Amino acid sequence: MAQFHTLTQQRVELEREWERWATVPNTATPRPPRTTLLRDEVAQSWRRSLHTVDPGRTVAPGLDDIGELWAESPLRGPVTELATDLRGIAEDSGYLAAVTDGAGTILWSCGDRAMRRQAERVNFAPGARWDEIHMGTNGLALALRTGRPSSVFSAEHLVAALHGWVCYAAPIHGPDGTQVGALNLSSSWDRSHPAVLTSVRALVTAVETILRASEPAPPAGIRLECLGTARLLRDGRPLRLPPRQLEILTLLALEPDGFTPEQLHTAIYGDRAVSTRTLKADVSHLRRATGGEISNRRYLLTGPVACDAVDLLAAIAAGNTTAAVWLYRGPLLPGSDTPGVVKWRDHLDVGVRTAVLASDSAEHAVSFGERAADDIEVHEHALRLLPSDDVRRAMVTARLHTALRA
């Protein structure tokens with residue numbers, strides 16, 4: 001009863017704050033919250049949502065037919081595979097489960113019968129649009145907007161018709177780091193419990209694991225993998241190349257304008273007295289391995305060579321921290337002391353690390369910290385962002401402890 005009383009008081013205070021905001025004209029800026037119960041991320045979402053959503057809205061807008069959306073969704077396979085588990089969790093706990101695409105359209109739902117009836121009244125069902133633009137502040141919208149797990153309790157919802165609800169949601173990412181949808185568990189406000197968000201995270205991890213396992217076969221062509229490893233693939237099959245030639249190919253992939261023979265010699269050997277014939281021999285062998293995709297007078301790639309480091313560089317340049325963290329599998333060609341490789345290694349490491357430390361997403365810091373075991377600042381950043389009840393705090397604390405002792 002103590003928890004129920006606390007939730008009741010929390011709901012009453014949030015309702016008062018909501019009244020102040022919901023009655024402000026769209027063109028006005030509400031005053032700062034009076035209560036500390038109104039979280040910053042919720043207040044920011046209210047500010048954005050009030051421009052497009054009437055708090056008095058009663059149902060979510062929707063699409064007439066989502067058959068094609070669901071058929072083409074990368075989430076269809078994983079969700080279908082986990083459907084029995086999702087139904088069991090939702091029905092046993094009195095919750096409703098829903099999965100959306102990356103735009104916030106519900107593609108699939110299941111759960112407790114009583115909750116399904118309530119959900120139908122607000123169109124919380126397949127085809128409905130639950131992004132921030134259409135339905136304001138809610139768990140799904142917040143998770144998709146922020147890119148991290150989110151909860152929205154009672155009057156934190158902008159739409160008054162949802163004040164009897166509590167929602168827990170987390171974004172789902174594809175193998176390349178792209179946000180492909182979100183998973184949500186919702187119920188009546190009095191069933192609110194922080195452990196539900198842990199369950200949502202676990203379910204999302206299961207979906208993402210299946211997504212990674214079901215990746216299509218490597219595409220035809222040449223692919224260079226040089227983050228945390230060093231290998232060249234042709235049509236998905238590894239080609240054996242000496243480390244030096246992999247270093248040369250990596251530099252050519254990262255420098256699309258290529259090198260003069262003298263520039264490449266310096267990037268590979270630095271000040272060492274190595275014959276130019278040695279470099280020419282390596283490039284000739286590499287040219288045969290890539291099917292003649294390297295030009296003669298100026299060393300540059302003349303054909304398509306996919307490269308994970310190039311993909312990472314593009315993600316950093318685009319400010320896509322989520323994709324950058326997913327793509328980062330470790331330092332560029334670990335163990336190489338080639339001057340050009342060392343320069344690029346530092347460039348990529350600093351780029352990802354800076355983006356992670358500037359991000360307010362705990363997921364970024366936790367994931368990057370897995371591959372930056374000695375980085376004390378990254379682990380401390382993760383602990384600042386993780387909620388006090390997040391089970392991952394133990395793992396991050398252990399990483400920090402080990403890094404401090406190193």
# chains A, B, ... in the order shown; residues from 1 in each chain; ligands from 1
$ residues_around --residues "Ala155 in chain A" --least-positions-apart "6" --cutoff "6 Å" --atoms "only C-alpha atoms" --output "JSON, numbers by chain"
{"A": [14, 15, 163]}
$ select_by_dssp --residues "range 222-320 of chain A" --states "strand (DSSP E)" --output "list of chain:residue names"
A:Ile222, A:Arg223, A:Leu224, A:Glu225, A:Arg231, A:Leu232, A:Leu233, A:Arg234, A:Arg237, A:Pro238, A:Leu239, A:Val305, A:Ala306, A:Cys307
$ select_by_dssp --residues "range 192-404 of chain A" --states "alpha helix (DSSP H)" --output "ChimeraX atom specification"
/A:195-213,243-254,261-269,276-289,308-317,321-327,339-358,362-371,376-385,392-404
$ residues_around --residues "range 333-344 of chain A" --least-positions-apart "3" --cutoff "12 Å" --atoms "only C-alpha atoms" --output "CSV table (one decimal) with all heavy atoms, in the first residue's frame"
chain,number,residue,atom,x,y,z
A,224,LEU,N,36.7,-5.2,-46.8
A,224,LEU,CA,37.8,-5.1,-45.9
A,224,LEU,C,37.3,-4.8,-44.5
A,224,LEU,O,36.6,-3.9,-44.3
A,224,LEU,CB,38.7,-3.9,-46.4
A,224,LEU,CG,39.9,-3.6,-45.5
A,224,LEU,CD1,40.9,-4.8,-45.3
A,224,LEU,CD2,40.6,-2.3,-46.0
A,225,GLU,N,37.7,-5.7,-43.6
A,225,GLU,CA,37.4,-5.5,-42.2
A,225,GLU,C,38.6,-5.2,-41.4
A,225,GLU,O,39.5,-6.0,-41.4
A,225,GLU,CB,36.6,-6.7,-41.7
A,225,GLU,CG,35.3,-7.0,-42.3
A,225,GLU,CD,34.6,-8.2,-41.8
A,225,GLU,OE1,35.2,-9.0,-41.0
A,225,GLU,OE2,33.4,-8.5,-42.2
A,226,CYS,N,38.7,-4.0,-40.8
A,226,CYS,CA,40.0,-3.6,-40.2
A,226,CYS,C,39.7,-3.0,-38.8
A,226,CYS,O,40.7,-2.4,-38.3
A,226,CYS,CB,40.8,-2.7,-41.1
A,226,CYS,SG,39.8,-1.3,-41.8
A,227,LEU,N,38.5,-3.0,-38.3
A,227,LEU,CA,38.3,-2.5,-36.9
A,227,LEU,C,38.3,-3.7,-35.9
A,227,LEU,O,37.4,-4.5,-35.9
A,227,LEU,CB,36.9,-1.8,-36.9
A,227,LEU,CG,36.8,-0.5,-37.7
A,227,LEU,CD1,35.4,0.0,-37.7
A,227,LEU,CD2,37.8,0.5,-37.2
A,228,GLY,N,39.3,-3.7,-35.1
A,228,GLY,CA,39.5,-4.8,-34.2
A,228,GLY,C,39.9,-6.1,-34.8
A,228,GLY,O,40.1,-7.1,-34.1
A,229,THR,N,40.2,-6.1,-36.1
A,229,THR,CA,40.6,-7.3,-36.8
A,229,THR,C,41.3,-6.9,-38.0
A,229,THR,O,41.6,-5.7,-38.2
A,229,THR,CB,39.4,-8.2,-37.1
A,229,THR,OG1,39.9,-9.4,-37.7
A,229,THR,CG2,38.5,-7.5,-38.1
A,230,ALA,N,41.7,-7.8,-38.9
A,230,ALA,CA,42.4,-7.5,-40.2
A,230,ALA,C,42.2,-8.6,-41.1
A,230,ALA,O,42.8,-9.6,-41.1
A,230,ALA,CB,43.9,-7.2,-39.9
A,231,ARG,N,41.2,-8.4,-42.0
A,231,ARG,CA,40.9,-9.5,-43.0
A,231,ARG,C,40.2,-8.9,-44.3
A,231,ARG,O,39.5,-7.9,-44.2
A,231,ARG,CB,40.1,-10.6,-42.5
A,231,ARG,CG,38.7,-10.3,-42.1
A,231,ARG,CD,38.0,-11.5,-41.6
A,231,ARG,NE,36.6,-11.3,-41.3
A,231,ARG,CZ,35.6,-12.2,-41.2
A,231,ARG,NH1,36.0,-13.5,-41.4
A,231,ARG,NH2,34.4,-11.9,-41.0
A,243,PRO,N,50.1,-8.8,-43.6
A,243,PRO,CA,49.7,-7.6,-42.8
A,243,PRO,C,50.0,-6.3,-43.6
A,243,PRO,O,49.2,-5.4,-43.6
A,243,PRO,CB,50.4,-7.7,-41.5
A,243,PRO,CG,50.6,-9.2,-41.4
A,243,PRO,CD,50.9,-9.7,-42.7
A,244,ARG,N,51.1,-6.2,-44.2
A,244,ARG,CA,51.5,-5.0,-44.9
A,244,ARG,C,50.5,-4.6,-46.0
A,244,ARG,O,50.2,-3.5,-46.2
A,244,ARG,CB,52.9,-5.1,-45.5
A,244,ARG,CG,53.4,-3.9,-46.2
A,244,ARG,CD,53.7,-2.7,-45.2
A,244,ARG,NE,54.8,-3.0,-44.4
A,244,ARG,CZ,55.0,-2.6,-43.2
A,244,ARG,NH1,54.1,-1.9,-42.6
A,244,ARG,NH2,56.1,-2.9,-42.5
A,245,GLN,N,50.1,-5.6,-46.8
A,245,GLN,CA,49.2,-5.3,-47.8
A,245,GLN,C,47.8,-4.9,-47.3
A,245,GLN,O,47.1,-4.1,-47.9
A,245,GLN,CB,49.1,-6.5,-48.8
A,245,GLN,CG,50.4,-6.8,-49.5
A,245,GLN,CD,50.4,-8.0,-50.4
A,245,GLN,OE1,49.4,-8.5,-50.7
A,245,GLN,NE2,51.6,-8.5,-50.7
A,246,LEU,N,47.4,-5.5,-46.2
A,246,LEU,CA,46.1,-5.1,-45.6
A,246,LEU,C,46.2,-3.6,-45.1
A,246,LEU,O,45.3,-2.9,-45.2
A,246,LEU,CB,45.8,-6.0,-44.4
A,246,LEU,CG,45.3,-7.4,-44.8
A,246,LEU,CD1,45.2,-8.3,-43.5
A,246,LEU,CD2,43.9,-7.3,-45.5
A,247,GLU,N,47.4,-3.2,-44.6
A,247,GLU,CA,47.6,-1.8,-44.2
A,247,GLU,C,47.5,-0.9,-45.4
A,247,GLU,O,46.9,0.2,-45.3
A,247,GLU,CB,49.0,-1.7,-43.6
A,247,GLU,CG,49.1,-2.4,-42.2
A,247,GLU,CD,50.6,-2.5,-41.7
A,247,GLU,OE1,51.5,-2.3,-42.5
A,247,GLU,OE2,50.7,-2.7,-40.5
A,248,ILE,N,48.1,-1.3,-46.5
A,248,ILE,CA,48.1,-0.5,-47.7
A,248,ILE,C,46.6,-0.3,-48.2
A,248,ILE,O,46.1,0.8,-48.5
A,248,ILE,CB,48.9,-1.1,-48.8
A,248,ILE,CG1,50.4,-1.0,-48.5
A,248,ILE,CG2,48.7,-0.4,-50.2
A,248,ILE,CD1,51.3,-1.8,-49.4
A,249,LEU,N,45.9,-1.4,-48.2
A,249,LEU,CA,44.5,-1.4,-48.7
A,249,LEU,C,43.6,-0.5,-47.7
A,249,LEU,O,42.7,0.2,-48.2
A,249,LEU,CB,43.9,-2.8,-48.8
A,249,LEU,CG,42.5,-2.9,-49.4
A,249,LEU,CD1,42.5,-2.3,-50.8
A,249,LEU,CD2,42.1,-4.4,-49.4
A,250,THR,N,43.9,-0.6,-46.4
A,250,THR,CA,43.1,0.2,-45.5
A,250,THR,C,43.4,1.7,-45.7
A,250,THR,O,42.4,2.5,-45.7
A,250,THR,CB,43.6,-0.1,-44.0
A,250,THR,OG1,43.3,-1.5,-43.8
A,250,THR,CG2,42.9,0.8,-43.0
A,251,LEU,N,44.6,2.1,-46.0
A,251,LEU,CA,44.9,3.5,-46.2
A,251,LEU,C,44.3,4.0,-47.5
A,251,LEU,O,43.7,5.1,-47.6
A,251,LEU,CB,46.4,3.7,-46.2
A,251,LEU,CG,47.1,3.5,-44.9
A,251,LEU,CD1,48.6,3.7,-45.1
A,251,LEU,CD2,46.6,4.5,-43.9
A,252,LEU,N,44.3,3.1,-48.5
A,252,LEU,CA,43.7,3.5,-49.8
A,252,LEU,C,42.1,3.6,-49.7
A,252,LEU,O,41.5,4.5,-50.3
A,252,LEU,CB,44.0,2.4,-50.9
A,252,LEU,CG,45.4,2.3,-51.3
A,252,LEU,CD1,45.6,1.2,-52.3
A,252,LEU,CD2,45.9,3.6,-52.0
A,253,ALA,N,41.5,2.8,-48.8
A,253,ALA,CA,40.1,2.9,-48.6
A,253,ALA,C,39.7,4.2,-47.9
A,253,ALA,O,38.7,4.8,-48.2
A,253,ALA,CB,39.6,1.7,-47.8
A,254,LEU,N,40.6,4.6,-46.9
A,254,LEU,CA,40.3,5.8,-46.1
A,254,LEU,C,40.7,7.1,-46.8
A,254,LEU,O,40.2,8.1,-46.4
A,254,LEU,CB,41.0,5.6,-44.8
A,254,LEU,CG,40.4,4.6,-43.8
A,254,LEU,CD1,41.4,4.3,-42.6
A,254,LEU,CD2,39.1,5.1,-43.2
A,255,GLU,N,41.5,7.0,-47.8
A,255,GLU,CA,41.9,8.1,-48.6
A,255,GLU,C,41.4,8.0,-50.0
A,255,GLU,O,42.1,7.5,-50.9
A,255,GLU,CB,43.4,8.3,-48.6
A,255,GLU,CG,44.0,8.5,-47.2
A,255,GLU,CD,43.9,10.0,-46.8
A,255,GLU,OE1,43.3,10.8,-47.5
A,255,GLU,OE2,44.4,10.3,-45.7
A,259,PHE,N,47.1,8.3,-53.2
A,259,PHE,CA,48.5,8.7,-52.8
A,259,PHE,C,49.4,8.7,-54.0
A,259,PHE,O,49.2,7.9,-54.9
A,259,PHE,CB,49.1,7.8,-51.8
A,259,PHE,CG,48.4,7.6,-50.5
A,259,PHE,CD1,47.3,6.8,-50.4
A,259,PHE,CD2,48.8,8.3,-49.4
A,259,PHE,CE1,46.6,6.6,-49.2
A,259,PHE,CE2,48.2,8.2,-48.1
A,259,PHE,CZ,47.1,7.3,-48.0
A,263,GLN,N,54.0,9.5,-51.3
A,263,GLN,CA,53.1,9.7,-50.1
A,263,GLN,C,52.8,8.4,-49.5
A,263,GLN,O,52.8,8.3,-48.3
A,263,GLN,CB,51.9,10.5,-50.6
A,263,GLN,CG,52.0,11.9,-50.9
A,263,GLN,CD,50.8,12.5,-51.5
A,263,GLN,OE1,50.0,11.8,-52.1
A,263,GLN,NE2,50.6,13.8,-51.4
A,264,LEU,N,52.5,7.4,-50.3
A,264,LEU,CA,52.2,6.1,-49.7
A,264,LEU,C,53.4,5.5,-49.1
A,264,LEU,O,53.2,4.8,-48.0
A,264,LEU,CB,51.6,5.2,-50.8
A,264,LEU,CG,51.1,3.8,-50.4
A,264,LEU,CD1,50.0,4.0,-49.3
A,264,LEU,CD2,50.6,3.0,-51.5
A,265,HIS,N,54.5,5.6,-49.7
A,265,HIS,CA,55.8,5.1,-49.1
A,265,HIS,C,56.0,5.7,-47.7
A,265,HIS,O,56.3,5.0,-46.7
A,265,HIS,CB,57.0,5.4,-50.0
A,265,HIS,CG,58.2,4.7,-49.6
A,265,HIS,ND1,59.0,5.1,-48.5
A,265,HIS,CD2,58.8,3.6,-50.1
A,265,HIS,CE1,60.1,4.3,-48.4
A,265,HIS,NE2,60.0,3.4,-49.3
A,266,THR,N,55.8,7.0,-47.6
A,266,THR,CA,55.9,7.7,-46.2
A,266,THR,C,54.9,7.2,-45.3
A,266,THR,O,55.2,7.0,-44.1
A,266,THR,CB,55.8,9.2,-46.4
A,266,THR,OG1,56.9,9.6,-47.3
A,266,THR,CG2,56.0,9.9,-45.1
A,267,ALA,N,53.6,7.0,-45.7
A,267,ALA,CA,52.5,6.6,-44.9
A,267,ALA,C,52.8,5.2,-44.4
A,267,ALA,O,52.4,4.8,-43.2
A,267,ALA,CB,51.2,6.7,-45.6
A,268,ILE,N,53.5,4.4,-45.1
A,268,ILE,CA,53.7,3.0,-44.8
A,268,ILE,C,55.0,2.8,-44.0
A,268,ILE,O,55.0,2.2,-42.9
A,268,ILE,CB,53.7,2.1,-46.0
A,268,ILE,CG1,52.4,2.0,-46.7
A,268,ILE,CG2,54.2,0.6,-45.6
A,268,ILE,CD1,51.3,1.4,-45.8
A,269,TYR,N,56.1,3.4,-44.4
A,269,TYR,CA,57.4,3.2,-43.9
A,269,TYR,C,57.9,4.3,-43.0
A,269,TYR,O,58.9,4.1,-42.3
A,269,TYR,CB,58.4,2.8,-45.0
A,269,TYR,CG,58.0,1.6,-45.8
A,269,TYR,CD1,57.6,1.7,-47.1
A,269,TYR,CD2,58.0,0.3,-45.2
A,269,TYR,CE1,57.2,0.6,-47.8
A,269,TYR,CE2,57.6,-0.8,-45.9
A,269,TYR,CZ,57.2,-0.6,-47.2
A,269,TYR,OH,56.8,-1.8,-48.0
A,270,GLY,N,57.3,5.5,-43.1
A,270,GLY,CA,57.9,6.6,-42.4
A,270,GLY,C,59.2,7.0,-42.9
A,270,GLY,O,59.5,7.1,-44.1
A,271,ASP,N,60.2,7.1,-41.9
A,271,ASP,CA,61.6,7.5,-42.3
A,271,ASP,C,62.5,6.3,-42.5
A,271,ASP,O,63.7,6.5,-42.8
A,271,ASP,CB,62.2,8.4,-41.1
A,271,ASP,CG,61.4,9.7,-41.0
A,271,ASP,OD1,60.9,10.2,-42.0
A,271,ASP,OD2,61.4,10.2,-39.8
A,272,ARG,N,61.9,5.1,-42.5
A,272,ARG,CA,62.8,3.9,-42.7
A,272,ARG,C,63.3,3.8,-44.1
A,272,ARG,O,62.5,4.2,-45.0
A,272,ARG,CB,62.0,2.7,-42.3
A,272,ARG,CG,61.8,2.5,-40.8
A,272,ARG,CD,61.1,1.2,-40.5
A,272,ARG,NE,59.7,1.2,-40.9
A,272,ARG,CZ,59.0,0.1,-40.9
A,272,ARG,NH1,59.5,-1.0,-40.7
A,272,ARG,NH2,57.7,0.3,-41.2
A,308,ASP,N,34.7,-1.4,-43.2
A,308,ASP,CA,34.0,-1.1,-42.0
A,308,ASP,C,34.5,0.3,-41.4
A,308,ASP,O,33.8,1.0,-40.8
A,308,ASP,CB,34.1,-2.2,-40.9
A,308,ASP,CG,35.5,-2.6,-40.7
A,308,ASP,OD1,36.5,-2.1,-41.3
A,308,ASP,OD2,35.7,-3.5,-39.8
A,309,ALA,N,35.8,0.5,-41.6
A,309,ALA,CA,36.4,1.8,-41.1
A,309,ALA,C,35.8,3.0,-41.9
A,309,ALA,O,35.6,4.1,-41.3
A,309,ALA,CB,37.9,1.8,-41.2
A,310,VAL,N,35.6,2.8,-43.2
A,310,VAL,CA,35.0,3.9,-44.0
A,310,VAL,C,33.6,4.1,-43.5
A,310,VAL,O,33.1,5.3,-43.4
A,310,VAL,CB,35.0,3.6,-45.5
A,310,VAL,CG1,34.3,4.6,-46.3
A,310,VAL,CG2,36.5,3.5,-45.9
A,312,LEU,N,32.4,3.6,-40.5
A,312,LEU,CA,32.5,4.3,-39.2
A,312,LEU,C,32.8,5.8,-39.4
A,312,LEU,O,32.2,6.6,-38.7
A,312,LEU,CB,33.6,3.6,-38.4
A,312,LEU,CG,34.0,4.3,-37.0
A,312,LEU,CD1,32.7,4.3,-36.1
A,312,LEU,CD2,35.1,3.6,-36.4
A,313,LEU,N,33.7,6.1,-40.3
A,313,LEU,CA,34.1,7.5,-40.5
A,313,LEU,C,32.9,8.3,-41.0
A,313,LEU,O,32.7,9.4,-40.6
A,313,LEU,CB,35.2,7.5,-41.6
A,313,LEU,CG,35.8,8.9,-41.9
A,313,LEU,CD1,36.4,9.5,-40.7
A,313,LEU,CD2,36.8,8.8,-43.1
A,329,ARG,N,34.2,-1.8,-33.6
A,329,ARG,CA,34.5,-3.2,-33.1
A,329,ARG,C,35.9,-3.2,-32.5
A,329,ARG,O,36.4,-4.3,-32.0
A,329,ARG,CB,34.5,-4.2,-34.2
A,329,ARG,CG,33.1,-4.3,-34.9
A,329,ARG,CD,32.1,-4.8,-33.9
A,329,ARG,NE,30.7,-4.9,-34.5
A,329,ARG,CZ,29.6,-4.6,-33.9
A,329,ARG,NH1,29.7,-4.1,-32.6
A,329,ARG,NH2,28.5,-4.7,-34.4
A,330,GLY,N,36.6,-2.1,-32.4
A,330,GLY,CA,37.9,-2.0,-31.8
A,330,GLY,C,38.8,-1.1,-32.6
A,330,GLY,O,38.4,-0.6,-33.7
A,347,HIS,N,42.5,9.0,-35.1
A,347,HIS,CA,41.4,9.9,-35.6
A,347,HIS,C,40.1,9.2,-35.4
A,347,HIS,O,39.1,9.9,-34.9
A,347,HIS,CB,41.6,10.1,-37.1
A,347,HIS,CG,40.5,10.9,-37.8
A,347,HIS,ND1,40.6,12.3,-37.9
A,347,HIS,CD2,39.3,10.6,-38.3
A,347,HIS,CE1,39.6,12.8,-38.5
A,347,HIS,NE2,38.8,11.8,-38.8
A,348,LEU,N,39.9,7.9,-35.7
A,348,LEU,CA,38.7,7.2,-35.5
A,348,LEU,C,38.3,7.0,-34.0
A,348,LEU,O,37.2,7.2,-33.6
A,348,LEU,CB,38.7,5.9,-36.2
A,348,LEU,CG,38.8,5.9,-37.7
A,348,LEU,CD1,39.0,4.5,-38.3
A,348,LEU,CD2,37.5,6.5,-38.3
A,349,ASP,N,39.3,6.7,-33.2
A,349,ASP,CA,39.1,6.5,-31.8
A,349,ASP,C,38.6,7.7,-31.1
A,349,ASP,O,37.7,7.8,-30.3
A,349,ASP,CB,40.4,5.9,-31.1
A,349,ASP,CG,40.7,4.5,-31.4
A,349,ASP,OD1,39.8,3.9,-32.1
A,349,ASP,OD2,41.7,4.0,-31.0
A,350,VAL,N,39.3,8.8,-31.4
A,350,VAL,CA,39.0,10.1,-30.8
A,350,VAL,C,37.6,10.6,-31.3
A,350,VAL,O,36.8,11.1,-30.5
A,350,VAL,CB,40.0,11.2,-31.1
A,350,VAL,CG1,39.5,12.6,-30.7
A,350,VAL,CG2,41.3,10.9,-30.4
A,351,GLY,N,37.3,10.3,-32.5
A,351,GLY,CA,36.0,10.7,-33.1
A,351,GLY,C,34.8,10.0,-32.4
A,351,GLY,O,33.8,10.6,-31.9
$ closest_residue --among "A:His379, A:Arg298, A:Arg11, A:Arg223" --to "Ser154 in chain A" --atoms "only C-alpha atoms"
A:Arg11
$ residues_around --residues "Thr58 in chain A" --least-positions-apart "3" --cutoff "9 Å" --atoms "only C-alpha atoms" --output "PyMOL selection string"
chain A and resi 55+121-123+159-162
$ residues_around --residues "Arg148 in chain A" --least-positions-apart "5" --cutoff "12 Å" --atoms "only C-alpha atoms" --output "PyMOL selection string"
chain A and resi 41+139-143+168-173+179+181-183+197+200-201+204+322+359-366+385-387
$ write_last_selection --atoms "C-alpha atoms" --output "PDB file, in the first residue's frame"
ATOM      1  CA  GLU A  41      13.000  14.977 -20.854  1.00  0.00           C
ATOM      2  CA  GLY A 139       6.800   5.879 -23.896  1.00  0.00           C
ATOM      3  CA  LEU A 140       7.156   4.845 -27.530  1.00  0.00           C
ATOM      4  CA  ALA A 141       7.529   8.404 -28.775  1.00  0.00           C
ATOM      5  CA  LEU A 142      10.143   9.264 -26.165  1.00  0.00           C
ATOM      6  CA  ALA A 143      12.186   6.106 -26.821  1.00  0.00           C
ATOM      7  CA  TYR A 168       7.856   1.478 -20.737  1.00  0.00           C
ATOM      8  CA  ALA A 169       9.630   1.412 -24.103  1.00  0.00           C
ATOM      9  CA  ALA A 170      13.058   0.975 -25.656  1.00  0.00           C
ATOM     10  CA  PRO A 171      14.321   1.479 -29.219  1.00  0.00           C
ATOM     11  CA  ILE A 172      15.345  -1.499 -31.348  1.00  0.00           C
ATOM     12  CA  HIS A 173      18.489  -1.215 -33.455  1.00  0.00           C
ATOM     13  CA  GLN A 179      16.935   2.485 -35.267  1.00  0.00           C
ATOM     14  CA  GLY A 181      11.557   0.389 -34.245  1.00  0.00           C
ATOM     15  CA  ALA A 182      10.656   0.203 -30.582  1.00  0.00           C
ATOM     16  CA  LEU A 183       9.149  -2.258 -28.122  1.00  0.00           C
ATOM     17  CA  LEU A 197      11.883  -1.301 -17.920  1.00  0.00           C
ATOM     18  CA  VAL A 200      11.730  -4.267 -21.877  1.00  0.00           C
ATOM     19  CA  ARG A 201      15.504  -3.946 -22.251  1.00  0.00           C
ATOM     20  CA  VAL A 204      14.826  -5.689 -27.005  1.00  0.00           C
ATOM     21  CA  THR A 322      24.382   5.215 -32.396  1.00  0.00           C
ATOM     22  CA  SER A 359      25.958  12.001 -25.801  1.00  0.00           C
ATOM     23  CA  ASP A 360      23.357  11.784 -23.026  1.00  0.00           C
ATOM     24  CA  SER A 361      22.601   8.167 -23.942  1.00  0.00           C
ATOM     25  CA  ALA A 362      23.764   5.616 -21.395  1.00  0.00           C
ATOM     26  CA  GLU A 363      23.598   2.954 -24.105  1.00  0.00           C
ATOM     27  CA  HIS A 364      26.346   4.705 -26.069  1.00  0.00           C
ATOM     28  CA  ALA A 365      28.691   4.845 -23.083  1.00  0.00           C
ATOM     29  CA  VAL A 366      27.980   1.282 -21.945  1.00  0.00           C
ATOM     30  CA  LEU A 385      23.789   8.400 -17.069  1.00  0.00           C
ATOM     31  CA  LEU A 386      22.564   5.013 -15.866  1.00  0.00           C
ATOM     32  CA  PRO A 387      19.523   5.053 -13.556  1.00  0.00           C
TER      33      PRO A 387
END
$ residues_around --residues "Trp189 in chain A" --least-positions-apart "6" --cutoff "6 Å" --atoms "only C-alpha atoms" --output "list in words"
Ser154, Gly164, Trp165 and Val166 of chain A
$ write_last_selection --atoms "N, CA and C atoms" --output "PDB file, in the first residue's frame"
ATOM      1  N   SER A 154       1.484   8.083 -16.082  1.00  0.00           N
ATOM      2  CA  SER A 154       0.251   8.829 -15.836  1.00  0.00           C
ATOM      3  C   SER A 154       0.242  10.191 -16.538  1.00  0.00           C
ATOM      4  N   GLY A 164      -4.299   7.494 -17.379  1.00  0.00           N
ATOM      5  CA  GLY A 164      -4.504   6.275 -16.600  1.00  0.00           C
ATOM      6  C   GLY A 164      -3.507   5.182 -16.934  1.00  0.00           C
ATOM      7  N   TRP A 165      -2.503   5.520 -17.756  1.00  0.00           N
ATOM      8  CA  TRP A 165      -1.547   4.532 -18.256  1.00  0.00           C
ATOM      9  C   TRP A 165      -0.142   4.763 -17.695  1.00  0.00           C
ATOM     10  N   VAL A 166       0.659   3.713 -17.771  1.00  0.00           N
ATOM     11  CA  VAL A 166       2.106   3.808 -17.599  1.00  0.00           C
ATOM     12  C   VAL A 166       2.724   3.039 -18.755  1.00  0.00           C
TER      13      VAL A 166
END
$ residues_around --residues "range 67-74 of chain A" --least-positions-apart "6" --cutoff "9 Å" --atoms "only C-alpha atoms" --output "PyMOL selection string"
chain A and resi 101+107-108+174+180+211
$ atom_distance --atom1 "CA of Glu19 in chain A" --atom2 "CA of Leu158 in chain A"
10.2 Å
$ atom_distance --atom1 "CA of Gly62 in chain A" --atom2 "CA of Trp130 in chain A"
8.8 Å
$ decode --residues "range 280-291 of chain A" --atoms "N, CA and C atoms" --output "short mmCIF file (atom, residue, chain, number, x, y, z; two decimals), in the first residue's frame"
data_model
loop_
_atom_site.label_atom_id
_atom_site.label_comp_id
_atom_site.auth_asym_id
_atom_site.auth_seq_id
_atom_site.Cartn_x
_atom_site.Cartn_y
_atom_site.Cartn_z
N LYS A 280 56.17 -1.23 -54.48
CA LYS A 280 55.58 -1.56 -55.78
C LYS A 280 55.18 -3.02 -55.85
N ALA A 281 56.01 -3.88 -55.27
CA ALA A 281 55.71 -5.32 -55.27
C ALA A 281 54.46 -5.60 -54.45
N ASP A 282 54.33 -4.93 -53.29
CA ASP A 282 53.14 -5.13 -52.45
C ASP A 282 51.88 -4.64 -53.16
N VAL A 283 51.98 -3.48 -53.82
CA VAL A 283 50.82 -2.93 -54.52
C VAL A 283 50.43 -3.83 -55.69
N SER A 284 51.42 -4.38 -56.40
CA SER A 284 51.14 -5.27 -57.52
C SER A 284 50.40 -6.52 -57.05
N HIS A 285 50.86 -7.10 -55.95
CA HIS A 285 50.19 -8.29 -55.40
C HIS A 285 48.78 -7.94 -54.94
N LEU A 286 48.65 -6.77 -54.33
CA LEU A 286 47.34 -6.32 -53.86
C LEU A 286 46.40 -6.06 -55.03
N ARG A 287 46.94 -5.55 -56.11
CA ARG A 287 46.14 -5.28 -57.30
C ARG A 287 45.56 -6.59 -57.84
N ARG A 288 46.37 -7.65 -57.85
CA ARG A 288 45.87 -8.95 -58.32
C ARG A 288 44.79 -9.49 -57.38
N ALA A 289 44.97 -9.28 -56.08
CA ALA A 289 44.00 -9.79 -55.10
C ALA A 289 42.66 -9.09 -55.20
N THR A 290 42.69 -7.81 -55.60
CA THR A 290 41.45 -7.04 -55.69
C THR A 290 40.88 -7.00 -57.10
N GLY A 291 41.48 -7.75 -58.01
CA GLY A 291 40.97 -7.77 -59.37
C GLY A 291 41.35 -6.54 -60.17
#
